[in-house]
Amino acid sequence: MKVAEKIQVQDPHCEAPNLRRDHDKGLELLKYLILGILFGIVFVKAEVISWFRIQEMFRLQSFHMYGVIGSAVITGIISIQVIKRFGIKTIHGEAINIPKKEFRKGQVIGGFIFGLGWALTGACPGPLFAQIGSGYSVILVTLVSALAGTWVYGRFSDKFPN
Amino acid sequence: MMEWITQPWPWYVAGPLIGLTVPALLILGNKTFGISSSLRHVCAACVPAGIPFFTYNWKKEIWNLLFVVGILIGGFIATSYLANPNEIIIAESTIADLTALGVTDYGNLLPADIFSWENLFTAKGLLFFVVGGFLVGFGTRYAGGCTSGHAIMGISSLQWQSVVATMFFMIGGFLMTHVLLEPLMKLVGF
């Protein structure tokens with residue numbers, strides 16, 4: 001709990017804070033790599049990384065992406081409810097802790113800006129990595145631009161309405 | 001079995017698998033699902049430049065970087081060994097709309113008219129790679145998350161802030177697709 005408090009004080013904007021008390025070290029970290037690999041395979045096999053699928057979604061011409069995101073959310077809701085009801089702990093025996101999000105103007109303005117970019121690139125950050133892995137090497141340029149965008153936001157974050 | 005795997009996976013298989021990432025990360029190590037954070041950790045690791053937003057112990061977040069490296073490797077495996085032997089099936093109406101915009105290649109996951117190295121130093125590349133990528137990086141960080149952190153993780157944990165963020169992702173996407181894309185594509189030479 002102490003660590004969680006410290007993170008929140010230091011870093012109010014981090015939406016994926018690491019709440020584990022002791023760090024994963026060495027080989028223990030491999031589980032995240034393996035999970036990522038499985039996740040990347042699903043991304044490609046469901047064609048979620050396709051620019052065309054995102055165009056279909058925003059043109060309301062296919063149910064596919066709505067089905068993927070919708071059923072992912074429903075699965076997530078059920079999973080978290082099960083974790084809460086049965087008090088399921090982590091494999092290390094820690095209580096599972098889901099940080100509360102605070103409302104900020106960025107969720108509106110930043111969300112809108114991301115939406116513009118999503119329709120252009122046909123990719124949110126996850127699929128960018130899967131596209132590169134799938135051999136679309138030019139997407140490395142998009143990734144570098146996304147890093148630049150992230151950096152510029154971080155550099156001037158106090159100048160934007162929050 | 002192999003034939004089934006190489007076919008494109010339907011939404012009702014892929015969606016639940018993606019959703020299961022949420023409890024998997026929580027149970028494996030109390031980690032909250034979120035992918036755009038990895039971009040921030042790379043900035044913090046490589047060019048922190050004394051900026052408070054990038055001054056934190058990114059080494060603690062290496063798990064997130066390994067997760068996205070995994071996604072990249074997964075993309076490679078799926079494309080190299082499990083690829084769909086047929087062309088992608090795209091909605092007729094989408095093909096018609098995109099053809100009107102000047103897209104001609106419908107054989108792969110991404111159209112080569114747009115996403116190729118030849119376009120890098122052209123207006124097309126500037127729009128789709130440089131501007132598009134920048135908007136994705138800037139917007140997700142300003143919003144505090146992307147499709148994974150807000151739409152999936154945030155809504156799964158019933159946080160209304162993430163519903164708001166997701167609505168604005170969609171509004172931005174609809175505006176780009178239906179209003180801005182046509183003039184922008186004309187401008188860059190389609």
# chains A, B, ... in the order shown; residues from 1 in each chain; ligands from 1

$ residues_around --residues "Leu20 (chain B)" --least-positions-apart "3" --cutoff "7 Å" --atoms "only C-alpha atoms" --output "mmCIF file with N, CA and C atoms, in the first residue's frame"
data_model
loop_
_atom_site.group_PDB
_atom_site.id
_atom_site.type_symbol
_atom_site.label_atom_id
_atom_site.label_comp_id
_atom_site.auth_asym_id
_atom_site.auth_seq_id
_atom_site.Cartn_x
_atom_site.Cartn_y
_atom_site.Cartn_z
ATOM 1 N N THR A 75 -15.707 -9.582 -21.438
ATOM 2 C CA THR A 75 -14.840 -10.567 -20.778
ATOM 3 C C THR A 75 -14.073 -9.912 -19.626
ATOM 4 N N GLY A 76 -13.584 -8.700 -19.871
ATOM 5 C CA GLY A 76 -12.842 -7.980 -18.827
ATOM 6 C C GLY A 76 -13.710 -7.667 -17.624
ATOM 7 N N PRO B 16 -12.807 -12.171 -26.672
ATOM 8 C CA PRO B 16 -12.604 -12.747 -25.333
ATOM 9 C C PRO B 16 -11.130 -13.005 -25.012
ATOM 10 N N LEU B 17 -10.332 -13.435 -26.013
ATOM 11 C CA LEU B 17 -8.909 -13.662 -25.746
ATOM 12 C C LEU B 17 -8.230 -12.346 -25.354
ATOM 13 N N PRO B 23 -7.429 -9.981 -16.725
ATOM 14 C CA PRO B 23 -7.162 -10.764 -15.507
ATOM 15 C C PRO B 23 -5.786 -11.424 -15.537
ATOM 16 N N ALA B 24 -5.281 -11.788 -16.713
ATOM 17 C CA ALA B 24 -3.966 -12.442 -16.773
ATOM 18 C C ALA B 24 -2.891 -11.520 -16.190
#

$ residues_around --residues "Phe115 (chain B)" --least-positions-apart "6" --cutoff "8 Å" --atoms "only C-alpha atoms" --output "MDAnalysis selection string"
(chainID A and resid 136 138:139) or (chainID B and resid 125 128)

$ select_by_dssp --residues "chain B" --states "alpha helix (DSSP H)" --output "PDB file with C-alpha atoms, in the first residue's frame"
ATOM      1  CA  MET B   2      -3.979 -25.848 -38.810  1.00  0.00           C
ATOM      2  CA  GLU B   3      -6.536 -24.827 -41.404  1.00  0.00           C
ATOM      3  CA  TRP B   4      -8.699 -23.392 -38.662  1.00  0.00           C
ATOM      4  CA  ILE B   5      -5.777 -21.436 -37.216  1.00  0.00           C
ATOM      5  CA  THR B   6      -4.699 -19.936 -40.520  1.00  0.00           C
ATOM      6  CA  TRP B  11     -14.490 -11.517 -33.329  1.00  0.00           C
ATOM      7  CA  TYR B  12     -16.056 -13.876 -30.788  1.00  0.00           C
ATOM      8  CA  VAL B  13     -12.768 -15.760 -30.520  1.00  0.00           C
ATOM      9  CA  ALA B  14     -10.400 -12.781 -30.620  1.00  0.00           C
ATOM     10  CA  GLY B  15     -12.389 -10.426 -28.370  1.00  0.00           C
ATOM     11  CA  PRO B  16     -12.604 -12.747 -25.333  1.00  0.00           C
ATOM     12  CA  LEU B  17      -8.909 -13.662 -25.746  1.00  0.00           C
ATOM     13  CA  ILE B  18      -7.991  -9.964 -25.726  1.00  0.00           C
ATOM     14  CA  GLY B  19     -10.284  -9.418 -22.735  1.00  0.00           C
ATOM     15  CA  THR B  21      -5.349 -10.208 -20.924  1.00  0.00           C
ATOM     16  CA  VAL B  22      -6.905  -8.036 -18.196  1.00  0.00           C
ATOM     17  CA  PRO B  23      -7.162 -10.764 -15.507  1.00  0.00           C
ATOM     18  CA  ALA B  24      -3.966 -12.442 -16.773  1.00  0.00           C
ATOM     19  CA  LEU B  25      -1.883  -9.312 -16.086  1.00  0.00           C
ATOM     20  CA  LEU B  26      -3.598  -8.695 -12.750  1.00  0.00           C
ATOM     21  CA  ILE B  27      -3.078 -12.251 -11.533  1.00  0.00           C
ATOM     22  CA  LEU B  28       0.461 -12.641 -12.883  1.00  0.00           C
ATOM     23  CA  GLY B  29       1.754  -9.522 -11.183  1.00  0.00           C
ATOM     24  CA  SER B  37       2.433   3.640 -21.450  1.00  0.00           C
ATOM     25  CA  SER B  38       5.228   1.736 -23.163  1.00  0.00           C
ATOM     26  CA  LEU B  39       5.830   4.804 -25.352  1.00  0.00           C
ATOM     27  CA  ARG B  40       6.220   6.911 -22.234  1.00  0.00           C
ATOM     28  CA  HIS B  41       8.642   4.415 -20.706  1.00  0.00           C
ATOM     29  CA  VAL B  42      10.778   4.522 -23.870  1.00  0.00           C
ATOM     30  CA  CYS B  43      10.875   8.335 -23.625  1.00  0.00           C
ATOM     31  CA  ALA B  44      11.772   8.086 -19.932  1.00  0.00           C
ATOM     32  CA  ALA B  45      14.521   5.574 -20.678  1.00  0.00           C
ATOM     33  CA  CYS B  46      16.006   7.290 -23.734  1.00  0.00           C
ATOM     34  CA  ILE B  62      10.238  -3.081 -17.918  1.00  0.00           C
ATOM     35  CA  TRP B  63       7.401  -5.623 -17.870  1.00  0.00           C
ATOM     36  CA  ASN B  64       5.398  -3.238 -20.091  1.00  0.00           C
ATOM     37  CA  LEU B  65       8.268  -2.946 -22.579  1.00  0.00           C
ATOM     38  CA  LEU B  66       8.649  -6.729 -22.665  1.00  0.00           C
ATOM     39  CA  PHE B  67       4.919  -7.019 -23.288  1.00  0.00           C
ATOM     40  CA  VAL B  68       5.100  -4.803 -26.393  1.00  0.00           C
ATOM     41  CA  VAL B  69       8.238  -6.558 -27.638  1.00  0.00           C
ATOM     42  CA  GLY B  70       6.156  -9.717 -27.261  1.00  0.00           C
ATOM     43  CA  ILE B  71       3.403  -8.179 -29.404  1.00  0.00           C
ATOM     44  CA  LEU B  72       5.993  -7.479 -32.096  1.00  0.00           C
ATOM     45  CA  ILE B  73       7.295 -11.069 -31.944  1.00  0.00           C
ATOM     46  CA  GLY B  74       3.714 -12.370 -31.932  1.00  0.00           C
ATOM     47  CA  GLY B  75       3.045 -10.345 -35.084  1.00  0.00           C
ATOM     48  CA  PHE B  76       6.081 -11.950 -36.691  1.00  0.00           C
ATOM     49  CA  ILE B  77       5.035 -15.485 -35.701  1.00  0.00           C
ATOM     50  CA  ALA B  78       1.433 -15.037 -36.836  1.00  0.00           C
ATOM     51  CA  THR B  79       2.494 -13.588 -40.195  1.00  0.00           C
ATOM     52  CA  SER B  80       5.324 -16.037 -40.834  1.00  0.00           C
ATOM     53  CA  TYR B  81       3.770 -19.307 -39.676  1.00  0.00           C
ATOM     54  CA  GLU B  92     -17.742  -4.098 -50.402  1.00  0.00           C
ATOM     55  CA  SER B  93     -18.967  -0.699 -49.261  1.00  0.00           C
ATOM     56  CA  THR B  94     -15.596   0.091 -47.654  1.00  0.00           C
ATOM     57  CA  ILE B  95     -13.759  -0.899 -50.839  1.00  0.00           C
ATOM     58  CA  ALA B  96     -16.081   1.370 -52.825  1.00  0.00           C
ATOM     59  CA  ASP B  97     -15.501   4.312 -50.451  1.00  0.00           C
ATOM     60  CA  LEU B  98     -11.734   3.840 -50.373  1.00  0.00           C
ATOM     61  CA  THR B  99     -11.487   3.357 -54.138  1.00  0.00           C
ATOM     62  CA  ALA B 100     -13.210   6.721 -54.503  1.00  0.00           C
ATOM     63  CA  LEU B 101     -10.440   8.161 -52.313  1.00  0.00           C
ATOM     64  CA  ALA B 123       3.312  14.292 -48.600  1.00  0.00           C
ATOM     65  CA  LYS B 124       1.525  10.917 -48.248  1.00  0.00           C
ATOM     66  CA  GLY B 125       4.156   9.677 -45.831  1.00  0.00           C
ATOM     67  CA  GLY B 132      -0.721  10.191 -37.874  1.00  0.00           C
ATOM     68  CA  GLY B 133       1.867   8.700 -35.547  1.00  0.00           C
ATOM     69  CA  PHE B 134       2.352  11.998 -33.729  1.00  0.00           C
ATOM     70  CA  LEU B 135      -1.398  12.336 -33.110  1.00  0.00           C
ATOM     71  CA  VAL B 136      -1.520   8.779 -31.754  1.00  0.00           C
ATOM     72  CA  GLY B 137       1.418   9.334 -29.374  1.00  0.00           C
ATOM     73  CA  PHE B 138       0.399  12.808 -28.274  1.00  0.00           C
ATOM     74  CA  GLY B 139      -3.315  12.016 -27.961  1.00  0.00           C
ATOM     75  CA  THR B 140      -2.941   8.777 -26.006  1.00  0.00           C
ATOM     76  CA  ARG B 141      -0.568  10.331 -23.518  1.00  0.00           C
ATOM     77  CA  TYR B 142      -2.754  13.420 -23.079  1.00  0.00           C
ATOM     78  CA  ALA B 143      -5.781  11.134 -22.639  1.00  0.00           C
ATOM     79  CA  ILE B 155     -14.335   0.129 -18.895  1.00  0.00           C
ATOM     80  CA  SER B 156     -13.715  -3.418 -17.608  1.00  0.00           C
ATOM     81  CA  TRP B 160     -16.810   6.253 -16.321  1.00  0.00           C
ATOM     82  CA  GLN B 161     -13.749   8.387 -17.119  1.00  0.00           C
ATOM     83  CA  SER B 162     -12.691   5.696 -19.557  1.00  0.00           C
ATOM     84  CA  VAL B 163     -16.133   5.650 -21.172  1.00  0.00           C
ATOM     85  CA  VAL B 164     -15.717   9.388 -21.808  1.00  0.00           C
ATOM     86  CA  ALA B 165     -12.226   8.866 -23.249  1.00  0.00           C
ATOM     87  CA  THR B 166     -13.448   6.042 -25.489  1.00  0.00           C
ATOM     88  CA  MET B 167     -16.332   8.179 -26.765  1.00  0.00           C
ATOM     89  CA  PHE B 168     -13.875  10.884 -27.772  1.00  0.00           C
ATOM     90  CA  PHE B 169     -11.566   8.342 -29.452  1.00  0.00           C
ATOM     91  CA  MET B 170     -14.572   7.409 -31.590  1.00  0.00           C
ATOM     92  CA  ILE B 171     -15.635  11.023 -32.236  1.00  0.00           C
ATOM     93  CA  GLY B 172     -12.101  11.870 -33.424  1.00  0.00           C
ATOM     94  CA  GLY B 173     -12.039   8.781 -35.631  1.00  0.00           C
ATOM     95  CA  PHE B 174     -15.445   9.467 -37.153  1.00  0.00           C
ATOM     96  CA  LEU B 175     -14.512  13.085 -37.883  1.00  0.00           C
ATOM     97  CA  LEU B 181      -9.791  12.191 -44.787  1.00  0.00           C
ATOM     98  CA  GLU B 182     -11.032  13.069 -48.270  1.00  0.00           C
ATOM     99  CA  PRO B 183      -9.618  16.623 -48.436  1.00  0.00           C
ATOM    100  CA  LEU B 184      -6.396  15.510 -46.731  1.00  0.00           C
ATOM    101  CA  MET B 185      -5.892  12.633 -49.182  1.00  0.00           C
ATOM    102  CA  LYS B 186      -6.506  14.967 -52.113  1.00  0.00           C
ATOM    103  CA  LEU B 187      -4.020  17.399 -50.634  1.00  0.00           C
TER     104      LEU B 187
END

$ atom_distance --atom1 "CA of Ile41 (chain A)" --atom2 "CA of Thr150 (chain A)"
26.0 Å

$ residues_around --residues "Lys105 (chain A)" --least-positions-apart "3" --cutoff "9 Å" --atoms "only C-alpha atoms" --output "PyMOL selection string"
(chain A and resi 108-110+161-162) or (chain B and resi 142-143)

$ write_last_selection --atoms "C-alpha atoms" --output "mmCIF file, in the first residue's frame"
data_model
loop_
_atom_site.group_PDB
_atom_site.id
_atom_site.type_symbol
_atom_site.label_atom_id
_atom_site.label_comp_id
_atom_site.auth_asym_id
_atom_site.auth_seq_id
_atom_site.Cartn_x
_atom_site.Cartn_y
_atom_site.Cartn_z
ATOM 1 C CA VAL A 108 -11.723 14.554 -23.846
ATOM 2 C CA ILE A 109 -9.127 16.605 -25.772
ATOM 3 C CA GLY A 110 -6.403 13.971 -25.880
ATOM 4 C CA PRO A 161 -5.528 22.254 -19.978
ATOM 5 C CA ASN A 162 -5.688 19.347 -17.559
ATOM 6 C CA TYR B 142 -2.754 13.420 -23.079
ATOM 7 C CA ALA B 143 -5.781 11.134 -22.639
#

$ closest_residue --among "B:Phe129, B:Asp113, B:Gly154, B:Val47" --to "chain A" --atoms "only C-alpha atoms"
B:Phe129

$ residues_around --residues "Ala91 (chain B)" --least-positions-apart "5" --cutoff "8 Å" --atoms "only C-alpha atoms" --output "ChimeraX atom specification"
/A:56,61-62

$ atom_distance --atom1 "CA of Gly135 (chain A)" --atom2 "CA of Ser50 (chain A)"
12.8 Å

$ atom_distance --atom1 "CA of Ile51 (chain B)" --atom2 "CA of Thr32 (chain B)"
24.3 Å

$ decode --residues "region 119-151 of chain A" --atoms "N, CA and C atoms" --output "PDB file, in the first residue's frame"
ATOM      1  N   ALA A 119      -7.694   6.925 -36.939  1.00  0.00           N
ATOM      2  CA  ALA A 119      -8.317   6.745 -38.246  1.00  0.00           C
ATOM      3  C   ALA A 119      -7.294   6.905 -39.377  1.00  0.00           C
ATOM      4  N   LEU A 120      -6.267   7.739 -39.153  1.00  0.00           N
ATOM      5  CA  LEU A 120      -5.243   7.909 -40.196  1.00  0.00           C
ATOM      6  C   LEU A 120      -4.324   6.693 -40.264  1.00  0.00           C
ATOM      7  N   THR A 121      -3.750   6.327 -39.127  1.00  0.00           N
ATOM      8  CA  THR A 121      -2.754   5.251 -39.115  1.00  0.00           C
ATOM      9  C   THR A 121      -3.413   3.877 -39.155  1.00  0.00           C
ATOM     10  N   GLY A 122      -4.684   3.808 -38.771  1.00  0.00           N
ATOM     11  CA  GLY A 122      -5.354   2.512 -38.686  1.00  0.00           C
ATOM     12  C   GLY A 122      -4.806   1.676 -37.549  1.00  0.00           C
ATOM     13  N   ALA A 123      -4.206   2.339 -36.563  1.00  0.00           N
ATOM     14  CA  ALA A 123      -3.580   1.568 -35.488  1.00  0.00           C
ATOM     15  C   ALA A 123      -3.560   2.361 -34.200  1.00  0.00           C
ATOM     16  N   CYS A 124      -3.879   1.679 -33.106  1.00  0.00           N
ATOM     17  CA  CYS A 124      -3.581   2.241 -31.800  1.00  0.00           C
ATOM     18  C   CYS A 124      -2.183   1.728 -31.445  1.00  0.00           C
ATOM     19  N   PRO A 125      -1.642   2.120 -30.306  1.00  0.00           N
ATOM     20  CA  PRO A 125      -0.235   1.751 -30.047  1.00  0.00           C
ATOM     21  C   PRO A 125       0.036   0.245 -30.108  1.00  0.00           C
ATOM     22  N   GLY A 126      -0.847  -0.608 -29.599  1.00  0.00           N
ATOM     23  CA  GLY A 126      -0.589  -2.053 -29.632  1.00  0.00           C
ATOM     24  C   GLY A 126      -0.384  -2.578 -31.043  1.00  0.00           C
ATOM     25  N   PRO A 127      -1.375  -2.346 -31.925  1.00  0.00           N
ATOM     26  CA  PRO A 127      -1.213  -2.816 -33.299  1.00  0.00           C
ATOM     27  C   PRO A 127       0.010  -2.254 -34.026  1.00  0.00           C
ATOM     28  N   LEU A 128       0.494  -1.063 -33.636  1.00  0.00           N
ATOM     29  CA  LEU A 128       1.723  -0.552 -34.283  1.00  0.00           C
ATOM     30  C   LEU A 128       2.844  -1.575 -34.151  1.00  0.00           C
ATOM     31  N   PHE A 129       3.003  -2.126 -32.941  1.00  0.00           N
ATOM     32  CA  PHE A 129       4.079  -3.101 -32.717  1.00  0.00           C
ATOM     33  C   PHE A 129       3.824  -4.375 -33.530  1.00  0.00           C
ATOM     34  N   ALA A 130       2.554  -4.800 -33.590  1.00  0.00           N
ATOM     35  CA  ALA A 130       2.242  -6.022 -34.334  1.00  0.00           C
ATOM     36  C   ALA A 130       2.427  -5.816 -35.841  1.00  0.00           C
ATOM     37  N   GLN A 131       2.130  -4.603 -36.322  1.00  0.00           N
ATOM     38  CA  GLN A 131       2.337  -4.320 -37.752  1.00  0.00           C
ATOM     39  C   GLN A 131       3.820  -4.404 -38.099  1.00  0.00           C
ATOM     40  N   ILE A 132       4.668  -3.826 -37.233  1.00  0.00           N
ATOM     41  CA  ILE A 132       6.112  -3.884 -37.480  1.00  0.00           C
ATOM     42  C   ILE A 132       6.566  -5.345 -37.500  1.00  0.00           C
ATOM     43  N   GLY A 133       6.101  -6.117 -36.517  1.00  0.00           N
ATOM     44  CA  GLY A 133       6.464  -7.533 -36.460  1.00  0.00           C
ATOM     45  C   GLY A 133       5.976  -8.308 -37.671  1.00  0.00           C
ATOM     46  N   SER A 134       4.844  -7.861 -38.247  1.00  0.00           N
ATOM     47  CA  SER A 134       4.287  -8.545 -39.415  1.00  0.00           C
ATOM     48  C   SER A 134       5.030  -8.193 -40.699  1.00  0.00           C
ATOM     49  N   GLY A 135       6.045  -7.366 -40.596  1.00  0.00           N
ATOM     50  CA  GLY A 135       6.862  -7.069 -41.767  1.00  0.00           C
ATOM     51  C   GLY A 135       6.571  -5.724 -42.418  1.00  0.00           C
ATOM     52  N   TYR A 136       5.646  -4.953 -41.859  1.00  0.00           N
ATOM     53  CA  TYR A 136       5.403  -3.606 -42.393  1.00  0.00           C
ATOM     54  C   TYR A 136       6.414  -2.661 -41.746  1.00  0.00           C
ATOM     55  N   SER A 137       7.654  -2.756 -42.243  1.00  0.00           N
ATOM     56  CA  SER A 137       8.751  -2.094 -41.530  1.00  0.00           C
ATOM     57  C   SER A 137       8.625  -0.576 -41.532  1.00  0.00           C
ATOM     58  N   VAL A 138       7.905  -0.022 -42.519  1.00  0.00           N
ATOM     59  CA  VAL A 138       7.788   1.433 -42.584  1.00  0.00           C
ATOM     60  C   VAL A 138       7.013   1.976 -41.370  1.00  0.00           C
ATOM     61  N   ILE A 139       6.274   1.102 -40.706  1.00  0.00           N
ATOM     62  CA  ILE A 139       5.516   1.532 -39.515  1.00  0.00           C
ATOM     63  C   ILE A 139       6.473   1.921 -38.380  1.00  0.00           C
ATOM     64  N   LEU A 140       7.743   1.527 -38.498  1.00  0.00           N
ATOM     65  CA  LEU A 140       8.745   2.024 -37.549  1.00  0.00           C
ATOM     66  C   LEU A 140       8.740   3.550 -37.521  1.00  0.00           C
ATOM     67  N   VAL A 141       8.516   4.160 -38.681  1.00  0.00           N
ATOM     68  CA  VAL A 141       8.467   5.627 -38.756  1.00  0.00           C
ATOM     69  C   VAL A 141       7.272   6.144 -37.965  1.00  0.00           C
ATOM     70  N   THR A 142       6.127   5.477 -38.118  1.00  0.00           N
ATOM     71  CA  THR A 142       4.936   5.864 -37.346  1.00  0.00           C
ATOM     72  C   THR A 142       5.219   5.735 -35.853  1.00  0.00           C
ATOM     73  N   LEU A 143       5.909   4.659 -35.477  1.00  0.00           N
ATOM     74  CA  LEU A 143       6.220   4.446 -34.052  1.00  0.00           C
ATOM     75  C   LEU A 143       7.120   5.561 -33.520  1.00  0.00           C
ATOM     76  N   VAL A 144       8.135   5.938 -34.322  1.00  0.00           N
ATOM     77  CA  VAL A 144       9.022   7.028 -33.889  1.00  0.00           C
ATOM     78  C   VAL A 144       8.223   8.329 -33.758  1.00  0.00           C
ATOM     79  N   SER A 145       7.298   8.567 -34.685  1.00  0.00           N
ATOM     80  CA  SER A 145       6.447   9.761 -34.585  1.00  0.00           C
ATOM     81  C   SER A 145       5.579   9.704 -33.334  1.00  0.00           C
ATOM     82  N   ALA A 146       5.073   8.513 -33.020  1.00  0.00           N
ATOM     83  CA  ALA A 146       4.243   8.364 -31.819  1.00  0.00           C
ATOM     84  C   ALA A 146       5.079   8.635 -30.568  1.00  0.00           C
ATOM     85  N   LEU A 147       6.348   8.193 -30.591  1.00  0.00           N
ATOM     86  CA  LEU A 147       7.241   8.478 -29.462  1.00  0.00           C
ATOM     87  C   LEU A 147       7.467   9.985 -29.363  1.00  0.00           C
ATOM     88  N   ALA A 148       7.637  10.629 -30.522  1.00  0.00           N
ATOM     89  CA  ALA A 148       7.824  12.083 -30.531  1.00  0.00           C
ATOM     90  C   ALA A 148       6.589  12.775 -29.962  1.00  0.00           C
ATOM     91  N   GLY A 149       5.406  12.308 -30.354  1.00  0.00           N
ATOM     92  CA  GLY A 149       4.165  12.887 -29.827  1.00  0.00           C
ATOM     93  C   GLY A 149       4.071  12.737 -28.319  1.00  0.00           C
ATOM     94  N   THR A 150       4.446  11.547 -27.840  1.00  0.00           N
ATOM     95  CA  THR A 150       4.436  11.287 -26.400  1.00  0.00           C
ATOM     96  C   THR A 150       5.400  12.232 -25.681  1.00  0.00           C
ATOM     97  N   TRP A 151       6.584  12.396 -26.281  1.00  0.00           N
ATOM     98  CA  TRP A 151       7.619  13.244 -25.672  1.00  0.00           C
ATOM     99  C   TRP A 151       7.166  14.699 -25.629  1.00  0.00           C
TER     100      TRP A 151
END
